[in-house]
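What follows is a set of notes on a single structure, which appears directly below.
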Amino acid sequence: MHISLPKHQLNLHEYIFLGAGVCTLIAAPYLASWGFYLWSLVKIVYLTGLVILFLERPKPSISGKTN
Amino acid sequence: MFGITLTEFLLFLREFGIAIAGAASLWGLLFWFLSQKVREKREAALWHGASQKLLWMFFSGLFFYSMLWIILAVLECIFCVQAHEGISLPQTADQLTLSMRAQYPAFVTLLGFWASGLVLLCIARRFLLTHLHFGYGFVFLTTSGFLLYPWGGLASFTHVVSNALHSWHSILTLGSVIIIDFLYISLRHNLRSLHAKIFVFVTKGIWIGLGLDFLSAGLIFQEVFEPTAKLFFAQTLIAILIINGVMLSGPIARAILSFQEHAKHSEIPSKLHQVVGISGSISLASWITVKAIDGFRDLTLSYGELFGLYIIFIAAIFILRETFDHFLLRETHRDT
């Protein structure tokens, strides 16, 4: 049976975490200069995502069940 | 070697053991609670089965921690550090000696508990499995006490809070990643329907653990922030962990759930299984690496060398996982 990853199914907290991860990746080599400010901001964004993780109602999977 | 001392290496292994024991008891206890809470009998039995499955990690983690504690005590370590995210407070040799002496009664109790559990496993397995949740609860509280309390004494309240969060999050991060990996492989052939639920459930704990680490780093980073190659590499790993975690707990977990809803009695497709394997290996290798390099204070490796070793480590874990999985699959087919 063919199975593919569901598309366009990220929850809001997943978008926030993904953004935080990408920004950390960009900021990591420049932590000694401007990267430090971005890196500090990412921490706050991540903690916001954590709050949303528990408040958000998850998107249903293909069959309609939520996980 | 590479600026890593024997004591640093042993301390890393000791934290590895307590993280596994703590995580196995935490998730074992939570799965047991779920088995009591869920009304549907089959699902309750599945959660109970998952809780019992963690018994092996529970005993192994405790054994590993106990052995390393004893070895360190014998060697009377001279230098010690505790860290996870690249920003941490170093402990002096005196603080370590003080903390290990203070921990001694609690450690002996834990060791006695482990030995009694092992005896019960051999002579009264049914009794042990019935009362397993008490054991999980006891060990979770004890290991949390080991990690949260400032046994060696610290300079200020901020340091105490930061150090406590820094140590305790290992249960939710490193320990939980190992638990989720163990459960994925060991439940794959008999409790498959729990897979996606466990992914989502345990991953929430891992996200919280990383959040606690961010908070702990935020309390002390002005004092200890050092822009070194090691810190840059640790932050790269954190970024990889977050991105990989989103994929694993989001689209990949939902793909497994969707597949299981459509094909209830067949195996997860090998392609999807491989994606989970690679993602799981990245997660496990990243947490082990980030924890290890933070403990190794005088590491002499450059960013590029660290990254090269990290890639090799991911490959090694992936091969080990696949080998273990094939072994389990063969055993399952032999039983059936």
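In the structure tokens, the first chain shown is A, the next is B, and so on; residue numbers restart at 1 for each chain, and ligands run from 1 in the order shown.
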Which chain A residues have any atom within 6 Å of an atom of chain B, and for each, what is the nearest pair of atoms with distance in Å to one decimal, counting only C-alpha atoms, rows sorted by chain and number, as a tab-separated table?
```
residue	atom	partner	partner_atom	distance
A:Leu5	CA	B:Ala255	CA	5.3
A:Glu14	CA	B:Val246	CA	5.8
A:Leu18	CA	B:Ile243	CA	5.4
A:Gly21	CA	B:Ala239	CA	4.4
A:Thr24	CA	B:Ala239	CA	5.3
A:Leu25	CA	B:Ala239	CA	5.2
A:Ala28	CA	B:Phe232	CA	5.2
A:Pro29	CA	B:Phe232	CA	5.7
A:Ala32	CA	B:Pro227	CA	5.5
```
Write to file, as a PDB file, in the first residue's frame, the residues of the selection just made, with N, CA and C atoms.
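And here's selection30.pdb as it stands now:
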```pdb
ATOM      1  N   LEU A   5       3.606  11.209   3.264  1.00  0.00           N
ATOM      2  CA  LEU A   5       3.440  12.088   4.411  1.00  0.00           C
ATOM      3  C   LEU A   5       2.319  13.080   4.117  1.00  0.00           C
ATOM      4  N   GLU A  14       3.825  23.696  15.631  1.00  0.00           N
ATOM      5  CA  GLU A  14       4.869  23.071  14.814  1.00  0.00           C
ATOM      6  C   GLU A  14       5.523  24.095  13.888  1.00  0.00           C
ATOM      7  N   LEU A  18       9.355  25.019  14.136  1.00  0.00           N
ATOM      8  CA  LEU A  18      10.149  24.926  12.905  1.00  0.00           C
ATOM      9  C   LEU A  18      10.896  26.241  12.650  1.00  0.00           C
ATOM     10  N   GLY A  21      13.683  26.557  15.093  1.00  0.00           N
ATOM     11  CA  GLY A  21      14.799  25.680  14.723  1.00  0.00           C
ATOM     12  C   GLY A  21      15.631  26.263  13.598  1.00  0.00           C
ATOM     13  N   THR A  24      17.612  29.270  14.807  1.00  0.00           N
ATOM     14  CA  THR A  24      18.761  28.844  15.629  1.00  0.00           C
ATOM     15  C   THR A  24      19.896  28.367  14.727  1.00  0.00           C
ATOM     16  N   LEU A  25      19.517  27.641  13.679  1.00  0.00           N
ATOM     17  CA  LEU A  25      20.510  27.135  12.719  1.00  0.00           C
ATOM     18  C   LEU A  25      21.251  28.294  12.040  1.00  0.00           C
ATOM     19  N   ALA A  28      23.414  30.223  14.891  1.00  0.00           N
ATOM     20  CA  ALA A  28      24.477  29.476  15.604  1.00  0.00           C
ATOM     21  C   ALA A  28      25.915  29.906  15.245  1.00  0.00           C
ATOM     22  N   PRO A  29      26.275  30.027  13.954  1.00  0.00           N
ATOM     23  CA  PRO A  29      27.678  30.392  13.663  1.00  0.00           C
ATOM     24  C   PRO A  29      28.002  31.858  13.983  1.00  0.00           C
ATOM     25  N   ALA A  32      28.629  35.110  18.306  1.00  0.00           N
ATOM     26  CA  ALA A  32      29.528  36.112  18.886  1.00  0.00           C
ATOM     27  C   ALA A  32      29.148  37.528  18.450  1.00  0.00           C
TER      28      ALA A  32
END
```
- prompt: Could you pull out the alpha helix (DSSP H) residues of segment 9-52 of chain A from DSSP and send them as a ChimeraX atom specification?
  reply: /A:12-27,35-52
Go ahead and save the picked residues with N, CA and C atoms, as a JSON list (two decimals), in the first residue's frame.
```json
[["chain", "number", "residue", "atom", "x", "y", "z"],
["A", 12, "LEU", "N", -0.06, 24.95, 14.45],
["A", 12, "LEU", "CA", 0.56, 26.26, 14.67],
["A", 12, "LEU", "C", 1.85, 26.14, 15.49],
["A", 13, "HIS", "N", 1.81, 25.31, 16.55],
["A", 13, "HIS", "CA", 3.02, 25.19, 17.39],
["A", 13, "HIS", "C", 4.17, 24.55, 16.60],
["A", 14, "GLU", "N", 3.82, 23.70, 15.63],
["A", 14, "GLU", "CA", 4.87, 23.07, 14.81],
["A", 14, "GLU", "C", 5.52, 24.09, 13.89],
["A", 15, "TYR", "N", 4.71, 25.01, 13.34],
["A", 15, "TYR", "CA", 5.28, 26.10, 12.52],
["A", 15, "TYR", "C", 6.21, 26.95, 13.37],
["A", 16, "ILE", "N", 5.78, 27.24, 14.61],
["A", 16, "ILE", "CA", 6.60, 28.09, 15.50],
["A", 16, "ILE", "C", 7.91, 27.37, 15.84],
["A", 17, "PHE", "N", 7.82, 26.09, 16.18],
["A", 17, "PHE", "CA", 9.04, 25.33, 16.50],
["A", 17, "PHE", "C", 9.97, 25.25, 15.29],
["A", 18, "LEU", "N", 9.36, 25.02, 14.14],
["A", 18, "LEU", "CA", 10.15, 24.93, 12.90],
["A", 18, "LEU", "C", 10.90, 26.24, 12.65],
["A", 19, "GLY", "N", 10.17, 27.35, 12.82],
["A", 19, "GLY", "CA", 10.78, 28.68, 12.66],
["A", 19, "GLY", "C", 11.91, 28.88, 13.66],
["A", 20, "ALA", "N", 11.66, 28.45, 14.91],
["A", 20, "ALA", "CA", 12.68, 28.58, 15.97],
["A", 20, "ALA", "C", 13.92, 27.76, 15.62],
["A", 21, "GLY", "N", 13.68, 26.56, 15.09],
["A", 21, "GLY", "CA", 14.80, 25.68, 14.72],
["A", 21, "GLY", "C", 15.63, 26.26, 13.60],
["A", 22, "VAL", "N", 14.95, 26.76, 12.56],
["A", 22, "VAL", "CA", 15.66, 27.33, 11.40],
["A", 22, "VAL", "C", 16.45, 28.58, 11.83],
["A", 23, "CYS", "N", 15.82, 29.44, 12.66],
["A", 23, "CYS", "CA", 16.52, 30.66, 13.12],
["A", 23, "CYS", "C", 17.73, 30.30, 13.99],
["A", 24, "THR", "N", 17.61, 29.27, 14.81],
["A", 24, "THR", "CA", 18.76, 28.84, 15.63],
["A", 24, "THR", "C", 19.90, 28.37, 14.73],
["A", 25, "LEU", "N", 19.52, 27.64, 13.68],
["A", 25, "LEU", "CA", 20.51, 27.13, 12.72],
["A", 25, "LEU", "C", 21.25, 28.29, 12.04],
["A", 26, "ILE", "N", 20.49, 29.34, 11.69],
["A", 26, "ILE", "CA", 21.10, 30.51, 11.03],
["A", 26, "ILE", "C", 21.98, 31.27, 12.03],
["A", 27, "ALA", "N", 21.47, 31.41, 13.27],
["A", 27, "ALA", "CA", 22.17, 32.24, 14.26],
["A", 27, "ALA", "C", 23.41, 31.56, 14.85],
["A", 35, "GLY", "N", 24.12, 37.25, 15.70],
["A", 35, "GLY", "CA", 23.38, 36.00, 15.91],
["A", 35, "GLY", "C", 22.86, 35.86, 17.33],
["A", 36, "PHE", "N", 23.56, 36.51, 18.27],
["A", 36, "PHE", "CA", 23.18, 36.42, 19.67],
["A", 36, "PHE", "C", 21.77, 36.96, 19.90],
["A", 37, "TYR", "N", 21.43, 38.07, 19.21],
["A", 37, "TYR", "CA", 20.12, 38.70, 19.40],
["A", 37, "TYR", "C", 19.01, 37.81, 18.82],
["A", 38, "LEU", "N", 19.29, 37.26, 17.66],
["A", 38, "LEU", "CA", 18.31, 36.36, 17.04],
["A", 38, "LEU", "C", 18.11, 35.12, 17.91],
["A", 39, "TRP", "N", 19.23, 34.61, 18.40],
["A", 39, "TRP", "CA", 19.23, 33.42, 19.26],
["A", 39, "TRP", "C", 18.42, 33.66, 20.53],
["A", 40, "SER", "N", 18.58, 34.86, 21.14],
["A", 40, "SER", "CA", 17.82, 35.21, 22.35],
["A", 40, "SER", "C", 16.33, 35.29, 22.04],
["A", 41, "LEU", "N", 16.02, 35.85, 20.88],
["A", 41, "LEU", "CA", 14.61, 35.98, 20.47],
["A", 41, "LEU", "C", 13.98, 34.60, 20.26],
["A", 42, "VAL", "N", 14.78, 33.69, 19.71],
["A", 42, "VAL", "CA", 14.31, 32.33, 19.43],
["A", 42, "VAL", "C", 13.86, 31.63, 20.72],
["A", 43, "LYS", "N", 14.57, 31.87, 21.81],
["A", 43, "LYS", "CA", 14.22, 31.24, 23.09],
["A", 43, "LYS", "C", 12.80, 31.66, 23.51],
["A", 44, "ILE", "N", 12.51, 32.95, 23.34],
["A", 44, "ILE", "CA", 11.19, 33.46, 23.72],
["A", 44, "ILE", "C", 10.12, 32.88, 22.79],
["A", 45, "VAL", "N", 10.44, 32.85, 21.50],
["A", 45, "VAL", "CA", 9.49, 32.29, 20.52],
["A", 45, "VAL", "C", 9.22, 30.82, 20.83],
["A", 46, "TYR", "N", 10.29, 30.10, 21.17],
["A", 46, "TYR", "CA", 10.13, 28.67, 21.49],
["A", 46, "TYR", "C", 9.20, 28.48, 22.68],
["A", 47, "LEU", "N", 9.40, 29.27, 23.74],
["A", 47, "LEU", "CA", 8.56, 29.13, 24.93],
["A", 47, "LEU", "C", 7.11, 29.49, 24.63],
["A", 48, "THR", "N", 6.91, 30.43, 23.70],
["A", 48, "THR", "CA", 5.55, 30.76, 23.26],
["A", 48, "THR", "C", 4.93, 29.55, 22.54],
["A", 49, "GLY", "N", 5.74, 28.92, 21.70],
["A", 49, "GLY", "CA", 5.28, 27.72, 20.98],
["A", 49, "GLY", "C", 4.90, 26.61, 21.95],
["A", 50, "LEU", "N", 5.64, 26.53, 23.04],
["A", 50, "LEU", "CA", 5.38, 25.50, 24.06],
["A", 50, "LEU", "C", 4.00, 25.72, 24.70],
["A", 51, "VAL", "N", 3.68, 26.98, 24.96],
["A", 51, "VAL", "CA", 2.37, 27.31, 25.54],
["A", 51, "VAL", "C", 1.27, 26.94, 24.54],
["A", 52, "ILE", "N", 1.50, 27.30, 23.27],
["A", 52, "ILE", "CA", 0.50, 27.01, 22.22],
["A", 52, "ILE", "C", 0.31, 25.50, 22.05]]
```
task: as a ChimeraX atom specification, please: all residues of segment 69-303 of chain B that backbone DSSP puts in strand (DSSP E or B).
output: /B:80-81,90-91
Ser162 of chain B environment, 8 Å, only C-alpha atoms, sequence neighbours closer than 2 positions dropped, as a ChimeraX atom specification: /B:158-160,164-166,215-217,219-220
